[in-house]
>>> print(open('coords_31.tsv').read())   # TSV, C-alpha atoms and all ligand atoms
chain	number	residue	atom	x	y	z
A	1	MET	CA	-45.77	-50.28	35.97
A	2	GLN	CA	-48.52	-50.62	38.56
A	3	SER	CA	-49.69	-47.01	38.47
A	4	THR	CA	-50.16	-47.04	34.73
A	5	ARG	CA	-52.28	-50.14	35.06
A	6	ILE	CA	-54.63	-48.64	37.64
A	7	GLU	CA	-54.93	-45.45	35.64
A	8	SER	CA	-55.61	-47.26	32.40
A	9	ARG	CA	-58.21	-49.53	33.96
A	10	ILE	CA	-60.06	-46.51	35.34
A	11	LEU	CA	-59.96	-44.80	31.97
A	12	GLU	CA	-61.11	-47.93	30.20
A	13	ILE	CA	-64.09	-48.52	32.47
A	14	ARG	CA	-65.08	-44.88	32.27
A	15	SER	CA	-64.90	-44.97	28.47
A	16	LEU	CA	-67.40	-47.83	28.48
A	17	LEU	CA	-69.95	-46.12	30.73
A	18	PRO	CA	-72.92	-44.45	29.08
A	19	GLU	CA	-73.59	-40.77	29.73
A	20	GLY	CA	-75.01	-40.33	33.23
A	21	VAL	CA	-73.47	-43.44	34.78
A	22	GLU	CA	-70.77	-42.78	37.36
A	23	LEU	CA	-67.98	-44.91	38.78
A	24	VAL	CA	-67.17	-45.38	42.45
A	25	ALA	CA	-63.70	-46.90	42.72
A	26	VAL	CA	-63.86	-49.32	45.64
A	27	SER	CA	-60.58	-48.84	47.46
A	28	LYS	CA	-61.14	-50.97	50.57
A	29	PHE	CA	-57.98	-52.77	51.63
A	30	GLN	CA	-56.00	-50.79	49.03
A	31	PRO	CA	-53.03	-48.65	50.01
A	32	VAL	CA	-53.00	-44.88	49.71
A	33	ASP	CA	-50.59	-45.02	46.76
A	34	SER	CA	-53.02	-47.05	44.69
A	35	ILE	CA	-55.80	-44.60	45.49
A	36	LEU	CA	-53.54	-41.76	44.37
A	37	ASP	CA	-52.95	-43.53	41.06
A	38	ALA	CA	-56.67	-43.68	40.50
A	39	TYR	CA	-56.94	-40.04	41.53
A	40	LYS	CA	-54.36	-39.15	38.87
A	41	ALA	CA	-56.67	-40.68	36.30
A	42	GLY	CA	-59.30	-38.16	37.38
A	43	GLN	CA	-61.19	-40.48	39.71
A	44	ARG	CA	-62.84	-38.61	42.59
A	45	LYS	CA	-65.45	-40.97	44.01
A	46	PHE	CA	-64.08	-43.78	46.16
A	47	GLY	CA	-65.86	-46.46	48.15
A	48	GLU	CA	-64.81	-47.90	51.49
A	49	SER	CA	-66.49	-50.50	53.66
A	50	ARG	CA	-64.85	-50.17	57.07
A	51	VAL	CA	-65.15	-47.10	59.26
A	52	GLN	CA	-61.74	-47.33	60.88
A	53	GLU	CA	-59.93	-47.79	57.59
A	54	LEU	CA	-61.79	-44.90	55.99
A	55	VAL	CA	-61.16	-42.53	58.86
A	56	GLU	CA	-57.46	-43.32	58.71
A	57	LYS	CA	-57.25	-42.80	54.96
A	58	ILE	CA	-59.16	-39.53	54.66
A	59	PRO	CA	-56.46	-37.20	56.06
A	60	LEU	CA	-53.79	-38.85	53.90
A	61	LEU	CA	-55.57	-38.16	50.63
A	62	PRO	CA	-56.71	-35.12	48.63
A	63	ALA	CA	-59.59	-33.20	50.16
A	64	ASP	CA	-61.70	-33.19	47.01
A	65	ILE	CA	-62.21	-36.96	47.10
A	66	ARG	CA	-65.87	-37.87	47.58
A	67	TRP	CA	-66.05	-40.88	49.88
A	68	HIS	CA	-68.91	-43.33	49.66
A	69	PHE	CA	-69.43	-45.67	52.56
A	70	ILE	CA	-70.57	-49.01	51.12
A	71	GLY	CA	-70.15	-51.59	53.90
A	72	HIS	CA	-72.51	-52.86	56.53
A	73	LEU	CA	-72.61	-50.11	59.14
A	74	GLN	CA	-73.15	-50.66	62.83
A	75	THR	CA	-75.06	-47.93	64.61
A	76	ASN	CA	-72.24	-47.32	67.09
A	77	LYS	CA	-69.88	-46.50	64.21
A	78	VAL	CA	-71.99	-43.85	62.51
A	79	ARG	CA	-70.62	-40.76	64.19
A	80	PRO	CA	-67.14	-40.63	62.62
A	81	LEU	CA	-68.68	-40.78	59.16
A	82	ILE	CA	-70.97	-37.79	59.55
A	83	GLY	CA	-69.62	-34.75	57.75
A	84	ARG	CA	-66.76	-36.82	56.34
A	85	VAL	CA	-68.42	-38.98	53.70
A	86	SER	CA	-70.40	-37.66	50.80
A	87	MET	CA	-72.80	-40.60	50.86
A	88	ILE	CA	-73.69	-43.65	52.92
A	89	GLU	CA	-74.84	-46.19	50.33
A	90	SER	CA	-75.50	-49.12	52.62
A	91	VAL	CA	-78.38	-48.06	54.84
A	92	ASP	CA	-80.15	-51.28	55.66
A	93	SER	CA	-82.40	-50.62	58.67
A	94	ILE	CA	-84.69	-48.04	60.22
A	95	ARG	CA	-82.56	-48.12	63.33
A	96	LEU	CA	-79.55	-47.07	61.29
A	97	LEU	CA	-81.56	-44.26	59.71
A	98	ASP	CA	-82.56	-43.08	63.17
A	99	VAL	CA	-78.92	-42.91	64.27
A	100	ILE	CA	-77.76	-41.18	61.08
A	101	GLU	CA	-80.54	-38.63	61.60
A	102	ALA	CA	-79.59	-38.03	65.23
A	103	GLU	CA	-75.86	-37.70	64.53
A	104	SER	CA	-76.41	-35.48	61.49
A	105	GLY	CA	-78.68	-33.26	63.57
A	106	LYS	CA	-76.06	-32.94	66.29
A	107	ALA	CA	-73.44	-32.04	63.69
A	108	ASP	CA	-75.89	-29.60	62.10
A	109	THR	CA	-75.42	-31.19	58.69
A	110	LYS	CA	-77.31	-33.28	56.19
A	111	THR	CA	-76.21	-36.74	55.16
A	112	GLU	CA	-76.91	-38.24	51.76
A	113	VAL	CA	-77.93	-41.87	51.83
A	114	LEU	CA	-79.00	-44.73	49.60
A	115	LEU	CA	-81.33	-47.36	50.95
A	116	GLN	CA	-79.95	-50.83	50.41
A	117	LEU	CA	-82.46	-53.19	48.83
A	118	HIS	CA	-82.07	-56.91	49.34
A	119	VAL	CA	-82.59	-58.70	46.03
A	120	ALA	CA	-79.99	-61.47	46.15
A	121	LEU	CA	-80.58	-65.14	46.84
A	122	GLU	CA	-78.26	-65.18	49.84
A	123	GLU	CA	-80.03	-64.61	53.11
A	124	THR	CA	-76.77	-63.43	54.58
A	125	LYS	CA	-76.73	-60.27	52.49
A	126	PHE	CA	-78.01	-57.10	54.12
A	127	GLY	CA	-80.73	-54.76	53.01
A	128	PHE	CA	-84.41	-53.90	53.22
A	129	ALA	CA	-86.92	-56.30	51.76
A	130	GLU	CA	-89.01	-54.80	48.98
A	131	GLU	CA	-92.14	-54.84	51.18
A	132	GLU	CA	-90.33	-52.95	53.94
A	133	LEU	CA	-89.45	-50.20	51.48
A	134	ASN	CA	-93.02	-50.13	50.19
A	135	ASP	CA	-94.27	-49.63	53.74
A	136	PHE	CA	-91.68	-46.96	54.37
A	137	VAL	CA	-92.79	-45.01	51.29
A	138	ALA	CA	-96.49	-45.54	51.94
A	139	SER	CA	-96.18	-44.23	55.50
A	140	ASN	CA	-94.16	-41.17	54.43
A	141	GLY	CA	-91.23	-42.55	56.37
A	142	PHE	CA	-88.90	-40.11	54.64
A	143	GLU	CA	-90.41	-37.16	56.46
A	144	LYS	CA	-89.12	-38.20	59.84
A	145	TYR	CA	-85.57	-37.51	58.73
A	146	PRO	CA	-84.94	-33.80	58.14
A	147	HIS	CA	-81.16	-34.30	58.30
A	148	ILE	CA	-81.08	-37.08	55.73
A	149	GLU	CA	-81.19	-36.67	51.98
A	150	PHE	CA	-82.55	-39.82	50.40
A	151	ARG	CA	-80.84	-40.05	47.03
A	152	GLY	CA	-81.79	-43.52	45.83
A	153	LEU	CA	-81.19	-47.24	46.19
A	154	MET	CA	-78.20	-49.54	46.38
A	155	ALA	CA	-78.35	-53.25	45.58
A	156	MET	CA	-76.08	-56.26	45.22
A	157	ALA	CA	-76.92	-59.15	42.93
A	158	SER	CA	-76.69	-62.80	43.90
A	159	ASN	CA	-73.20	-64.19	44.01
A	160	THR	CA	-73.53	-66.62	41.11
A	161	ASP	CA	-72.26	-67.29	37.59
A	162	ASP	CA	-75.84	-67.53	36.41
A	163	GLU	CA	-76.13	-64.39	34.30
A	164	GLU	CA	-79.88	-64.57	34.04
A	165	ARG	CA	-80.22	-64.65	37.81
A	166	VAL	CA	-77.93	-61.63	38.18
A	167	ARG	CA	-79.81	-59.74	35.48
A	168	CYS	CA	-83.06	-60.61	37.20
A	169	ASP	CA	-81.79	-59.19	40.53
A	170	PHE	CA	-80.73	-55.95	38.85
A	171	ALA	CA	-84.01	-55.69	36.95
A	172	LYS	CA	-85.87	-56.10	40.24
A	173	ALA	CA	-83.83	-53.37	41.92
A	174	SER	CA	-84.42	-51.11	38.93
A	175	GLU	CA	-88.16	-51.67	39.06
A	176	VAL	CA	-88.36	-50.86	42.78
A	177	PHE	CA	-86.12	-47.83	42.31
A	178	HIS	CA	-88.30	-46.40	39.54
A	179	ARG	CA	-91.48	-47.01	41.45
A	180	ILE	CA	-90.19	-45.14	44.52
A	181	SER	CA	-88.61	-42.43	42.43
A	182	ASP	CA	-91.90	-41.85	40.57
A	183	ALA	CA	-93.80	-41.73	43.86
A	184	VAL	CA	-91.56	-39.46	45.92
A	185	GLY	CA	-88.64	-38.29	43.77
A	186	GLN	CA	-90.03	-34.80	43.26
A	187	ARG	CA	-90.80	-34.32	46.92
A	188	LEU	CA	-87.38	-35.52	47.99
A	189	GLY	CA	-85.65	-33.21	45.52
A	190	GLY	CA	-84.10	-36.00	43.50
A	191	PHE	CA	-84.28	-39.68	44.31
A	192	ASN	CA	-82.17	-40.46	41.27
A	193	VAL	CA	-79.26	-42.74	42.15
A	194	LEU	CA	-79.33	-46.48	41.51
A	195	SER	CA	-76.06	-47.98	42.71
A	196	MET	CA	-75.50	-51.50	41.45
A	197	GLY	CA	-72.84	-53.51	39.66
A	198	MET	CA	-69.36	-54.60	40.81
A	199	SER	CA	-66.27	-55.89	39.00
A	200	GLY	CA	-67.90	-59.11	37.84
A	201	ASP	CA	-71.31	-57.83	36.85
A	202	TRP	CA	-71.32	-54.08	36.21
A	203	PRO	CA	-72.04	-54.28	32.46
A	204	LEU	CA	-75.27	-56.13	33.25
A	205	ALA	CA	-76.13	-53.60	35.96
A	206	VAL	CA	-75.65	-50.74	33.50
A	207	GLU	CA	-77.90	-52.47	30.98
A	208	GLU	CA	-80.54	-52.73	33.68
A	209	GLY	CA	-80.37	-49.06	34.60
A	210	ALA	CA	-77.60	-48.48	37.16
A	211	THR	CA	-76.55	-44.83	37.50
A	212	LEU	CA	-73.60	-45.64	39.76
A	213	ILE	CA	-71.35	-48.69	39.71
A	214	ARG	CA	-68.96	-49.79	42.47
A	215	VAL	CA	-65.86	-51.41	41.08
A	216	GLY	CA	-62.87	-52.57	43.12
A	217	SER	CA	-60.79	-55.54	42.00
A	218	ALA	CA	-61.21	-54.82	38.27
A	219	ILE	CA	-59.37	-51.54	38.92
A	220	PHE	CA	-56.94	-52.30	41.72
A	221	GLY	CA	-56.43	-56.04	41.28
A	222	GLU	CA	-57.28	-58.67	43.85
A	223	ARG	CA	-57.49	-57.52	47.45
A	224	ASN	CA	-55.18	-58.86	50.14
A	225	TYR	CA	-57.49	-59.27	53.11
B	301	LIG	C1	-66.18	-54.79	47.84
B	301	LIG	C2	-67.45	-54.23	47.33
B	301	LIG	C3	-67.60	-53.85	45.99
B	301	LIG	C4	-66.51	-54.03	44.94
B	301	LIG	O1	-66.29	-55.39	44.69
B	301	LIG	P1	-65.35	-55.85	43.47
B	301	LIG	O2	-65.86	-57.20	43.14
B	301	LIG	O3	-63.97	-55.84	43.97
B	301	LIG	O4	-65.56	-54.89	42.35
B	301	LIG	C5	-68.79	-53.28	45.60
B	301	LIG	N1	-69.80	-53.10	46.47
B	301	LIG	C6	-69.71	-53.46	47.76
B	301	LIG	C7	-70.87	-53.22	48.65
B	301	LIG	C8	-68.53	-54.03	48.24
B	301	LIG	O5	-68.46	-54.39	49.52
>>> encode(input="coords_31.tsv", output="structure tokens")
Amino acid sequence: MQSTRIESRILEIRSLLPEGVELVAVSKFQPVDSILDAYKAGQRKFGESRVQELVEKIPLLPADIRWHFIGHLQTNKVRPLIGRVSMIESVDSIRLLDVIEAESGKADTKTEVLLQLHVALEETKFGFAEEELNDFVASNGFEKYPHIEFRGLMAMASNTDDEERVRCDFAKASEVFHRISDAVGQRLGGFNVLSMGMSGDWPLAVEEGATLIRVGSAIFGERNY
């Protein structure tokens, strides 16, 4: 039975995670019933990558679900997410930060974000370059955003079977994360989330220090795009 399979996959992954590492179940393109199966297994954090899809799903599902937005986000799509998601993991530009700040201010709320760091080989992947983040930290960039809570970094490894390359990407993200966290973590009140690792590579990500993994197809099966 399908539901049993989703539930048991969730429980299995969770049983393999060390203390302090959390699972985001990536439910993009998955129907509400599958999400409810995961919910029955105690899963509360879910990841979605398209604004429209997320906004449609939210009212159909339990209110205590914590939604993480993980897809590339266009600035003109920010507004519907504010106050609805518990975290935007995929912040990849200053311009996007500016819009999240403005919309959060208007809604009189604070939005938790992760800064996406580009470590992969593929140029097509999104994210800040390491030097951009260094500049941002050095210039106290965080202070311009009173309605944003900077919680950590998100990264995606190169899309390759070469395990050493993937490990290297995660190790790089971990190094940058710890450097920023040591520099500003206290001041920010907890820059302590490192989101990395997907279905194919999360065990490596955990070995390299992930505190949050984002797993979709290994829970729900292949997606039908
Ligand atoms: C789709 C997606 C995932 C999950 O991918 P799977 O390989 O299905 O586990 C994780 N992170 C991001 C940013 C995604 O877009």
>>> residues_around(input="coords_31.tsv", residues="stretch 150-167 of chain A", least_positions_apart="4", cutoff="8 Å", atoms="all atoms listed in the file", output="ChimeraX atom specification")
/A:89-90,112-122,127,142,171,173,177,181,188,190-197,201,204-205,208
>>> atom_distance(input="coords_31.tsv", atom1="atom CA of A:Ile213", atom2="atom CA of A:Leu133")
21.6 Å
>>> residues_near_ligand(input="coords_31.tsv", ligand="ligand LIG 301 (chain B)", cutoff="7 Å", atoms="all atoms listed in the file", output="PyMOL selection string")
chain A and resi 26+28+49+70-71+156+198-200+214-218
>>> closest_residue(input="coords_31.tsv", among="A:Leu11, A:Glu207, A:Glu123, A:Thr111", to="A:Lys40", atoms="all atoms listed in the file")
A:Leu11
>>> closest_residue(input="coords_31.tsv", among="A:Arg79, A:His68, A:His178, A:Arg5", to="A:Ala25", atoms="all atoms listed in the file")
A:His68
>>> atom_distance(input="coords_31.tsv", atom1="atom CA of A:Gly189", atom2="atom CA of A:Glu149")
8.6 Å
>>> closest_residue(input="coords_31.tsv", among="A:Arg84, A:Arg66, A:His147, A:His72", to="A:Lys106", atoms="all atoms listed in the file")
A:His147
>>> closest_residue(input="coords_31.tsv", among="A:Gly185, A:Gly209, A:Gly42, A:Pro31", to="A:Glu56", atoms="all atoms listed in the file")
A:Pro31
>>> atom_distance(input="coords_31.tsv", atom1="atom CA of A:Asp135", atom2="atom CA of A:Ser86")
26.9 Å
>>> residues_near_point(input="coords_31.tsv", point="(-78.1, -31.2, 59.0)", cutoff="12 Å", atoms="only C-alpha atoms", output="ChimeraX atom specification")
/A:82-83,100-112,145-149
>>> decode(input="coords_31.tsv", residues="stretch 141-171 of chain A", atoms="N, CA and C atoms", output="compact mmCIF listing (two decimals), in the first residue's frame")
# COMPACT_ATOMS: atom_id res chain seq x y z
N GLY A 141 26.13 43.51 6.11
CA GLY A 141 24.94 43.51 5.26
C GLY A 141 23.68 43.09 6.00
N PHE A 142 23.84 42.20 6.98
CA PHE A 142 22.69 41.68 7.72
C PHE A 142 21.88 42.81 8.37
N GLU A 143 22.55 43.87 8.75
CA GLU A 143 21.88 44.89 9.56
C GLU A 143 20.87 45.72 8.80
N LYS A 144 20.91 45.62 7.49
CA LYS A 144 19.94 46.39 6.70
C LYS A 144 18.58 45.72 6.63
N TYR A 145 18.45 44.59 7.30
CA TYR A 145 17.23 43.79 7.13
C TYR A 145 16.55 43.45 8.45
N PRO A 146 15.94 44.45 9.07
CA PRO A 146 15.33 44.21 10.39
C PRO A 146 14.17 43.22 10.37
N HIS A 147 13.58 42.99 9.20
CA HIS A 147 12.45 42.05 9.13
C HIS A 147 12.85 40.68 8.60
N ILE A 148 14.15 40.45 8.56
CA ILE A 148 14.64 39.14 8.11
C ILE A 148 15.47 38.50 9.21
N GLU A 149 15.20 37.23 9.47
CA GLU A 149 16.05 36.47 10.38
C GLU A 149 16.93 35.54 9.56
N PHE A 150 18.20 35.82 9.59
CA PHE A 150 19.16 35.01 8.84
C PHE A 150 19.50 33.77 9.67
N ARG A 151 19.07 32.62 9.20
CA ARG A 151 19.24 31.41 10.01
C ARG A 151 20.38 30.52 9.57
N GLY A 152 20.90 30.73 8.35
CA GLY A 152 22.01 29.89 7.92
C GLY A 152 22.16 29.85 6.42
N LEU A 153 22.73 28.76 5.94
CA LEU A 153 23.02 28.60 4.51
C LEU A 153 22.31 27.38 3.93
N MET A 154 22.05 27.46 2.64
CA MET A 154 21.55 26.31 1.88
C MET A 154 22.51 26.10 0.71
N ALA A 155 22.75 24.84 0.36
CA ALA A 155 23.63 24.56 -0.78
C ALA A 155 23.19 23.29 -1.49
N MET A 156 23.50 23.24 -2.77
CA MET A 156 23.27 22.03 -3.57
C MET A 156 24.60 21.61 -4.16
N ALA A 157 24.89 20.32 -4.08
CA ALA A 157 26.14 19.81 -4.64
C ALA A 157 26.01 19.66 -6.15
N SER A 158 27.15 19.48 -6.80
CA SER A 158 27.17 19.22 -8.24
C SER A 158 26.35 17.98 -8.55
N ASN A 159 25.75 18.02 -9.72
CA ASN A 159 24.93 16.89 -10.16
C ASN A 159 25.84 15.88 -10.87
N THR A 160 26.45 15.00 -10.09
CA THR A 160 27.43 14.07 -10.65
C THR A 160 27.47 12.80 -9.81
N ASP A 161 27.94 11.71 -10.41
CA ASP A 161 28.12 10.46 -9.66
C ASP A 161 29.44 10.43 -8.92
N ASP A 162 30.25 11.44 -9.16
CA ASP A 162 31.57 11.49 -8.54
C ASP A 162 31.45 11.88 -7.06
N GLU A 163 31.52 10.86 -6.20
CA GLU A 163 31.27 11.08 -4.78
C GLU A 163 32.24 12.07 -4.15
N GLU A 164 33.47 12.02 -4.62
CA GLU A 164 34.47 12.92 -4.03
C GLU A 164 34.14 14.38 -4.36
N ARG A 165 33.65 14.60 -5.57
CA ARG A 165 33.26 15.96 -5.95
C ARG A 165 32.09 16.45 -5.09
N VAL A 166 31.12 15.58 -4.89
CA VAL A 166 29.95 15.95 -4.09
C VAL A 166 30.38 16.23 -2.65
N ARG A 167 31.23 15.37 -2.11
CA ARG A 167 31.71 15.57 -0.75
C ARG A 167 32.46 16.89 -0.63
N CYS A 168 33.24 17.17 -1.66
CA CYS A 168 34.01 18.40 -1.69
C CYS A 168 33.09 19.64 -1.68
N ASP A 169 32.01 19.59 -2.45
CA ASP A 169 31.03 20.69 -2.47
C ASP A 169 30.43 20.89 -1.07
N PHE A 170 30.04 19.79 -0.45
CA PHE A 170 29.43 19.89 0.89
C PHE A 170 30.44 20.41 1.92
N ALA A 171 31.68 19.93 1.79
CA ALA A 171 32.71 20.38 2.74
C ALA A 171 32.94 21.88 2.59
